[in-house]
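What follows is a short report on a single structure.
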Amino acid sequence: MLNFRHLEKSRIKEYESYYSDPEAVGLEYNFVSAYLWSREYDIKVAFYDDTLIKAYFRGDGSVWGYCLPSGKNVKGAVEAVFADAQEKNDRACFGYLSQKERDILETLCPDRFVFERSDTTQDYIYFTDDLANLAGKKYHSKRNHISKFFRTFDNTEIRSITPDNICDALTVVELWCDENDIDRKTYAEYEVIREALDNLAEFNMRGIILFVSGKPVAMTLGSEISPVCFDVNFEKALTAYEGSYAVINNEFAKRLTAYTYINREEDLGLEGLRKSKLSYHPAIIYDRYDGVAKW
């Protein structure tokens, strides 16, 4: 049986070395994000013949889904997954597969899986220049929202997140929780964001805070997937300050033009979030698949 363990902060660079791809745009390559959410989603990793296997577990210790192994011996690791599932009296189920990973699995194990596209876990990926410039008719409403924000609110300021102002970034999250009647003591994302901010430098994360008259009203924070793609891990804004989401999105993109793409992650199956992500006209909708072994 494979020896799965929770991700360790000190080993993030090691995990990333198994997924090295200078052109990567998908979240499967971001182990900062995987580590931050590893407790909430019970993400663990195991090693087989210099190959890394990531998996999502259920509360009862069973595996919800294995990810496609990555490393020296992918085929051997896939067979190890089959054996691990069999020892658990279950069929192997691979989850969160990109189209490329699905193709690899089908090639390694022809006619052994039934695949189904997930409609909740696809990544929304944008050209950075599109989000930074908001040019053309398709972004007309976004430009109007931003213009109205700056006409309505005086004394605005945007600052990069640093160790000196992480408390302001966290204040935005706390106020957002209050605005949405969420108890932050039981809200998992609050603790995830807190840990991200506490490890800002170690995780090489970047972010900005939007202030109005000295009050923090929006924040965003992210991490690099590859030299061509940046991942926006968190974004919170107070809707009482109309247009603040559009502003924080646009201002952060302006600071990320060294990257070709920005990955704004999945929509979680939430219709409102899906509409919002589509309204920014993604360059790529990065599909995900689940594959269940036939035997």
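By order of appearance in the structure tokens: chains A, B, ..., then residues from 1 within every chain, and ligands from 1 in the order shown.
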
Once you count only C-alpha atoms, what closest atom pair and distance in Å to one decimal does each residue of range 14-62 of chain A within 8 Å of range 185-206 of chain A have, with rows by chain and rising residue number, as JSON lines?
{"residue": "A:Val32", "atom": "CA", "partner": "A:Phe203", "partner_atom": "CA", "distance": 6.6}
{"residue": "A:Leu36", "atom": "CA", "partner": "A:Val192", "partner_atom": "CA", "distance": 5.9}
{"residue": "A:Trp37", "atom": "CA", "partner": "A:Val192", "partner_atom": "CA", "distance": 6.8}
{"residue": "A:Glu40", "atom": "CA", "partner": "A:Ala188", "partner_atom": "CA", "distance": 7.0}

Output N, CA and C atoms for every residue in that selection, as an mmCIF file, in the first residue's frame.
data_model
loop_
_atom_site.group_PDB
_atom_site.id
_atom_site.type_symbol
_atom_site.label_atom_id
_atom_site.label_comp_id
_atom_site.auth_asym_id
_atom_site.auth_seq_id
_atom_site.Cartn_x
_atom_site.Cartn_y
_atom_site.Cartn_z
ATOM 1 N N VAL A 32 1.934 25.533 -3.724
ATOM 2 C CA VAL A 32 1.612 26.489 -2.658
ATOM 3 C C VAL A 32 0.117 26.409 -2.370
ATOM 4 N N LEU A 36 -1.762 24.970 1.031
ATOM 5 C CA LEU A 36 -2.651 25.819 1.815
ATOM 6 C C LEU A 36 -4.020 25.169 2.037
ATOM 7 N N TRP A 37 -4.493 24.411 1.056
ATOM 8 C CA TRP A 37 -5.806 23.778 1.157
ATOM 9 C C TRP A 37 -5.728 22.322 1.568
ATOM 10 N N GLU A 40 -7.983 21.244 4.583
ATOM 11 C CA GLU A 40 -9.410 21.365 4.310
ATOM 12 C C GLU A 40 -9.891 20.257 3.376
#

Which one of A:Ile146, A:Val217, A:Arg5, A:Asn180 sits closest to Leu134 in chain A if you count only C-alpha atoms?
->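 Nearest to Leu134 in chain A: A:Ile146.
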
Exercise: Thr128 in chain A partners within 10 Å, only C-alpha atoms, chain neighbours under 3 positions left out, as a list in words |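 The neighbour list is Ile125, Leu131, Ala132, Asn133, Leu134, Val228, Cys229, Phe230, Asn250, Phe252, Ala253, Lys254, Arg255, Leu256, Thr257, Ala258, Tyr259, Thr260, Tyr261, Ile262, Asn263 and Ala283 of chain A.
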
Just list the residues in range 143-269 of chain A DSSP gives strand (DSSP E) on the backbone, as a PyMOL selection string.
-> chain A and resi 156-160+206-212+215-226+229-237+261-263

Please, could you write that set of residues out with N, CA and C atoms as a short mmCIF file (atom, residue, chain, number, x, y, z; two decimals), in the first residue's frame?
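New file out-v1.cif:
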data_model
loop_
_atom_site.label_atom_id
_atom_site.label_comp_id
_atom_site.auth_asym_id
_atom_site.auth_seq_id
_atom_site.Cartn_x
_atom_site.Cartn_y
_atom_site.Cartn_z
N THR A 156 -8.40 57.33 -2.65
CA THR A 156 -8.14 55.90 -2.82
C THR A 156 -6.64 55.65 -2.95
N GLU A 157 -6.23 54.47 -2.53
CA GLU A 157 -4.82 54.11 -2.60
C GLU A 157 -4.69 52.60 -2.75
N ILE A 158 -3.69 52.19 -3.51
CA ILE A 158 -3.42 50.77 -3.70
C ILE A 158 -1.99 50.50 -3.24
N ARG A 159 -1.85 49.53 -2.35
CA ARG A 159 -0.53 49.18 -1.82
C ARG A 159 -0.27 47.69 -2.00
N SER A 160 0.97 47.37 -2.28
CA SER A 160 1.37 45.96 -2.31
C SER A 160 1.30 45.39 -0.90
N ARG A 206 2.36 37.23 -3.89
CA ARG A 206 2.20 38.65 -4.18
C ARG A 206 0.74 39.03 -4.05
N GLY A 207 0.50 40.28 -3.64
CA GLY A 207 -0.87 40.74 -3.56
C GLY A 207 -0.94 42.24 -3.38
N ILE A 208 -2.14 42.76 -3.42
CA ILE A 208 -2.36 44.20 -3.22
C ILE A 208 -3.59 44.41 -2.34
N ILE A 209 -3.65 45.59 -1.75
CA ILE A 209 -4.79 46.01 -0.93
C ILE A 209 -5.30 47.34 -1.48
N LEU A 210 -6.61 47.47 -1.57
CA LEU A 210 -7.24 48.72 -1.99
C LEU A 210 -7.78 49.42 -0.75
N PHE A 211 -7.39 50.68 -0.59
CA PHE A 211 -7.83 51.49 0.54
C PHE A 211 -8.72 52.63 0.06
N VAL A 212 -9.72 52.97 0.85
CA VAL A 212 -10.54 54.16 0.63
C VAL A 212 -10.51 54.97 1.92
N LYS A 215 -9.18 53.14 4.84
CA LYS A 215 -9.82 51.87 5.23
C LYS A 215 -9.56 50.82 4.15
N PRO A 216 -9.08 49.63 4.53
CA PRO A 216 -8.90 48.57 3.53
C PRO A 216 -10.24 47.99 3.11
N VAL A 217 -10.53 48.01 1.79
CA VAL A 217 -11.85 47.58 1.31
C VAL A 217 -11.76 46.43 0.31
N ALA A 218 -10.56 46.08 -0.14
CA ALA A 218 -10.41 44.94 -1.04
C ALA A 218 -8.98 44.44 -0.97
N MET A 219 -8.82 43.13 -1.20
CA MET A 219 -7.49 42.55 -1.21
C MET A 219 -7.46 41.39 -2.21
N THR A 220 -6.27 41.11 -2.71
CA THR A 220 -6.08 39.94 -3.55
C THR A 220 -4.66 39.43 -3.34
N LEU A 221 -4.51 38.11 -3.49
CA LEU A 221 -3.23 37.47 -3.18
C LEU A 221 -3.08 36.24 -4.06
N GLY A 222 -1.85 36.04 -4.57
CA GLY A 222 -1.65 34.89 -5.44
C GLY A 222 -0.22 34.42 -5.47
N SER A 223 0.01 33.41 -6.30
CA SER A 223 1.31 32.76 -6.39
C SER A 223 1.56 32.30 -7.82
N GLU A 224 2.82 32.09 -8.13
CA GLU A 224 3.20 31.72 -9.50
C GLU A 224 2.96 30.24 -9.77
N ILE A 225 2.37 29.95 -10.94
CA ILE A 225 2.26 28.58 -11.42
C ILE A 225 3.49 28.23 -12.24
N SER A 226 3.89 29.14 -13.10
CA SER A 226 5.05 28.96 -13.98
C SER A 226 5.51 30.33 -14.44
N CYS A 229 2.48 31.98 -16.17
CA CYS A 229 1.12 32.02 -15.60
C CYS A 229 1.15 32.27 -14.10
N PHE A 230 0.31 33.20 -13.65
CA PHE A 230 0.17 33.55 -12.24
C PHE A 230 -1.22 33.14 -11.77
N ASP A 231 -1.29 32.61 -10.57
CA ASP A 231 -2.53 32.11 -9.99
C ASP A 231 -3.06 33.09 -8.95
N VAL A 232 -4.28 33.59 -9.16
CA VAL A 232 -4.93 34.43 -8.15
C VAL A 232 -5.62 33.49 -7.17
N ASN A 233 -5.00 33.31 -6.01
CA ASN A 233 -5.51 32.36 -5.02
C ASN A 233 -6.69 32.91 -4.24
N PHE A 234 -6.66 34.20 -3.91
CA PHE A 234 -7.71 34.79 -3.06
C PHE A 234 -8.04 36.18 -3.56
N GLU A 235 -9.31 36.52 -3.47
CA GLU A 235 -9.76 37.88 -3.81
C GLU A 235 -11.01 38.17 -3.01
N LYS A 236 -10.96 39.23 -2.21
CA LYS A 236 -12.11 39.63 -1.40
C LYS A 236 -12.27 41.14 -1.52
N ALA A 237 -13.53 41.57 -1.61
CA ALA A 237 -13.83 43.00 -1.67
C ALA A 237 -15.17 43.26 -1.01
N TYR A 261 -0.37 34.80 -18.83
CA TYR A 261 -1.70 34.38 -18.39
C TYR A 261 -1.90 34.62 -16.90
N ILE A 262 -3.18 34.78 -16.53
CA ILE A 262 -3.60 34.78 -15.14
C ILE A 262 -4.66 33.69 -14.98
N ASN A 263 -4.44 32.79 -14.05
CA ASN A 263 -5.40 31.74 -13.73
C ASN A 263 -6.23 32.22 -12.54
#

Polymer residues at most 7 Å from range 70-82 of chain A, only C-alpha atoms, same-chain spacing of 3 or more positions, as number ranges by chain | A: 18-19, 48-53, 85-86, 92, 108

Which one is closest to Ser33 in chain A: A:Ser118, A:Glu265, A:Ser141, A:Asp111? Count only C-alpha atoms.
->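 Selected residue with least distance to Ser33 in chain A: A:Glu265.
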
With only C-alpha atoms as the basis for distance, which of A:Tyr56, A:Tyr124, A:Lys44, A:Ile104 is at the shortest distance from Leu268 in chain A?
->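 Among A:Tyr56, A:Tyr124, A:Lys44, A:Ile104, it is A:Tyr124 that comes nearest to Leu268 in chain A.
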
Near-range 147-154 of chain A list (8 Å; only C-alpha atoms; drop same-chain fewer than 2 positions) as an MDAnalysis selection string | chainID A and resid 143:145 156 212:213 241:244 247

N, CA and C atoms of the current selection, written as a short mmCIF file (atom, residue, chain, number, x, y, z; two decimals), in the first residue's frame:
data_model
loop_
_atom_site.label_atom_id
_atom_site.label_comp_id
_atom_site.auth_asym_id
_atom_site.auth_seq_id
_atom_site.Cartn_x
_atom_site.Cartn_y
_atom_site.Cartn_z
N ARG A 143 -14.98 48.72 -17.54
CA ARG A 143 -14.37 50.07 -17.47
C ARG A 143 -15.32 51.05 -16.80
N ASN A 144 -16.61 50.91 -17.07
CA ASN A 144 -17.59 51.81 -16.44
C ASN A 144 -17.64 51.61 -14.93
N HIS A 145 -17.60 50.34 -14.49
CA HIS A 145 -17.60 50.07 -13.05
C HIS A 145 -16.41 50.72 -12.37
N THR A 156 -8.40 57.33 -2.65
CA THR A 156 -8.14 55.90 -2.82
C THR A 156 -6.64 55.65 -2.95
N VAL A 212 -9.72 52.97 0.85
CA VAL A 212 -10.54 54.16 0.63
C VAL A 212 -10.51 54.97 1.92
N SER A 213 -9.97 56.17 1.83
CA SER A 213 -9.83 57.03 3.01
C SER A 213 -9.18 56.29 4.17
N TYR A 241 -18.68 48.99 -1.29
CA TYR A 241 -17.87 49.88 -2.12
C TYR A 241 -18.01 49.39 -3.56
N GLU A 242 -19.09 49.80 -4.20
CA GLU A 242 -19.44 49.28 -5.52
C GLU A 242 -18.31 49.48 -6.51
N GLY A 243 -17.97 48.40 -7.20
CA GLY A 243 -16.89 48.45 -8.17
C GLY A 243 -15.55 48.00 -7.63
N SER A 244 -15.49 47.71 -6.32
CA SER A 244 -14.20 47.37 -5.71
C SER A 244 -13.62 46.07 -6.27
N VAL A 247 -12.04 46.89 -9.59
CA VAL A 247 -10.81 47.67 -9.39
C VAL A 247 -9.66 46.77 -8.95
#

Using only C-alpha atoms: which of A:Leu2, A:Leu278, A:Arg39, A:Trp64 has the shortest distance to Glu87 in chain A =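 Using only C-alpha atoms, the shortest distance to Glu87 in chain A belongs to A:Leu2.
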
Looking at A:Asp103, A:Glu251, A:Glu271, A:Asp84, which one is nearest to Tyr66 in chain A, with distances taken over only C-alpha atoms?
-> A:Asp84

What is the distance, in Å and to one decimal place, between CA of Ile285 in chain A and CA of Gly65 in chain A?
->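 Here the two named atoms are 21.6 Å from each other.
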
Which of range 73-280 of chain A fall in helix (DSSP H, G or I), as a ChimeraX atom specification | /A:74-87,99-108,128-133,137-152,166-179,188-198,244-254,271-278

Would you kindly return, as an mmCIF file with N, CA and C atoms, in the first residue's frame, each protein, DNA or RNA residue with an atom no farther than 8 Å from any atom of Leu175 in chain A, considering only C-alpha atoms and excluding same-chain residues fewer than 4 positions away?
data_model
loop_
_atom_site.group_PDB
_atom_site.id
_atom_site.type_symbol
_atom_site.label_atom_id
_atom_site.label_comp_id
_atom_site.auth_asym_id
_atom_site.auth_seq_id
_atom_site.Cartn_x
_atom_site.Cartn_y
_atom_site.Cartn_z
ATOM 1 N N THR A 171 -7.947 42.233 7.579
ATOM 2 C CA THR A 171 -9.117 43.030 7.946
ATOM 3 C C THR A 171 -10.170 42.988 6.849
ATOM 4 N N GLU A 179 -19.856 41.141 6.336
ATOM 5 C CA GLU A 179 -20.794 41.595 5.313
ATOM 6 C C GLU A 179 -21.666 40.446 4.810
ATOM 7 N N LEU A 238 -15.327 44.445 -0.498
ATOM 8 C CA LEU A 238 -16.569 44.814 0.178
ATOM 9 C C LEU A 238 -17.550 45.385 -0.850
#

What does the distance between CA of Ala293 in chain A and CA of Cys109 in chain A come to in Å, to one decimal place?
-> 9.5 Å

Give me the residues within 9 Å of Glu16 in chain A as a list in words, counting only C-alpha atoms and dropping any in the same chain fewer than 2 places off.
->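 Residues near the query, excluding close chain neighbours: Arg11, Ile12, Lys13, Glu14, Tyr18, Tyr19, Ser20, Tyr29, Asn30, Phe31 and Val32 of chain A.
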
Just the selected residues (C-alpha atoms), exported as a PDB file, in the first residue's frame, please.
ATOM      1  CA  ARG A  11       8.935  20.294   1.076  1.00  0.00           C
ATOM      2  CA  ILE A  12       6.906  22.472  -1.311  1.00  0.00           C
ATOM      3  CA  LYS A  13       9.900  23.063  -3.602  1.00  0.00           C
ATOM      4  CA  GLU A  14      10.563  19.332  -3.682  1.00  0.00           C
ATOM      5  CA  TYR A  18       8.130  16.699  -9.986  1.00  0.00           C
ATOM      6  CA  TYR A  19       5.774  18.999 -11.890  1.00  0.00           C
ATOM      7  CA  SER A  20       8.325  21.254 -13.572  1.00  0.00           C
ATOM      8  CA  TYR A  29       1.268  22.639 -10.897  1.00  0.00           C
ATOM      9  CA  ASN A  30       0.761  24.959  -7.913  1.00  0.00           C
ATOM     10  CA  PHE A  31       1.877  23.285  -4.690  1.00  0.00           C
ATOM     11  CA  VAL A  32       1.612  26.489  -2.658  1.00  0.00           C
TER      12      VAL A  32
END
